[in-house]
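Below is one structure, written out as structure tokens, with a few remarks after it.
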Amino acid sequence: MTWAPKIGIMQGRLSPPLGARIQAFPAESWRAEFSHAASLGLASIEWILESPLESNPVWSVAGVSAVRDAIGQTGVTVDFVIADYFMESPLVRMSPIALDRNRMVLGTLLERASALGAKGVELPCVDNSEIRTVQEEDELARAIAPALERATELGLEVGLETSLPPDRFRALLDRIAHAALRANYDTGNSAALGYDAAEEFSAYGRYINNVHIKDRRLGGTTVPLGHGSANLPRVIKLLQTIPYAGDFILQAARGPDEMETVRGYLATVRGWVDNV
């Protein structure tokens, strides 16, 4: 059987950027992005939740209904919701009041993701929200414990994205050891950190449920696919051997024409997949 991962797009990549931000929720154009994605042959959109929560459709029952209408009209699904909110309000280094609020936010998000028909929710623990110490690993485990139980009840998965070295990330996943817990893999972030994909997949490949396709230079920022240190053809071949059966989400560098940039990226990734 031919290996054909479902290829989707990070929300906002089919709209003009908001200021200097490479990634943000496109409040004015999220509906149009479903039509754009369908016209390009993309299968899914990874939804972004950030502040202010109340301005995001998935934060209300009526808003979820509107998103479901867009899904039904275009056939483009929302398989994952990435909770960039927790980049602003980390799940570690929290006061008790902040912990209670973050648990509430995560619990509500799980309910909304389930209503959307999503597979899971992703928690980015990188940059401002990175995990730095063993104590913070313990804090994270305690913070997400109720959410993992609720995710199981809803049939969802909770994916962590971290900047931890491969063995340490696997140890954290093994220690939490919950059936709903998974790992998000970001090809560009791993390349920027100098991690080797073979070592990463050997360590925690069995946990990976979603892959962000991006390219970054070692120690540097995001660049167009094929212009950084990710060696994406090799990474894709290694993913096939895990074997990986989830989505590929295009999260690559922007270009002057959003649609044409994504069209080119999609063709490039499909070519790499076909050559596996």
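Residue numbering restarts at 1 in every chain; chains get A, B, ... in the order shown in the structure tokens, and ligands count up from 1 in that same order.
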DSSP on the backbone: what in segment 8-121 of chain A comes out helix (DSSP H, G or I), as an MDAnalysis selection string?
-> chainID A and resid 30:40 53:55 57:59 61:74 85:88 96:116
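Excluding segment 273-275 of chain A itself and any same-chain residue fewer than 4 positions from it, the protein and nucleic acid residues within 12 Å of it, counting only C-alpha atoms, are A:Thr2, A:Trp3, A:Ala4, A:Pro5, A:Lys6, A:Ile7, A:Leu232, A:Pro233, A:Arg234, A:Val235, A:Ile236, A:Lys237, A:Leu238, A:Leu239, A:Gln240, A:Phe248, A:Leu266, A:Ala267, A:Thr268, A:Val269.
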Could you give me, as a list in words, the residues within 9 Å of Glu139 of chain A, counting only C-alpha atoms and dropping anything in the same chain fewer than 3 positions from it?
-> Leu91, Val92, Arg93, Met94, Val134, Gln135, Glu136, Arg142, Ala143 and Ile144 of chain A
Please measure the separation of atom CA of Asp257 of chain A and atom CA of Asn184 of chain A, giving the value in Å to one decimal.
->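 Straight-line distance from atom CA of Asp257 of chain A to atom CA of Asn184 of chain A works out to 27.9 Å.
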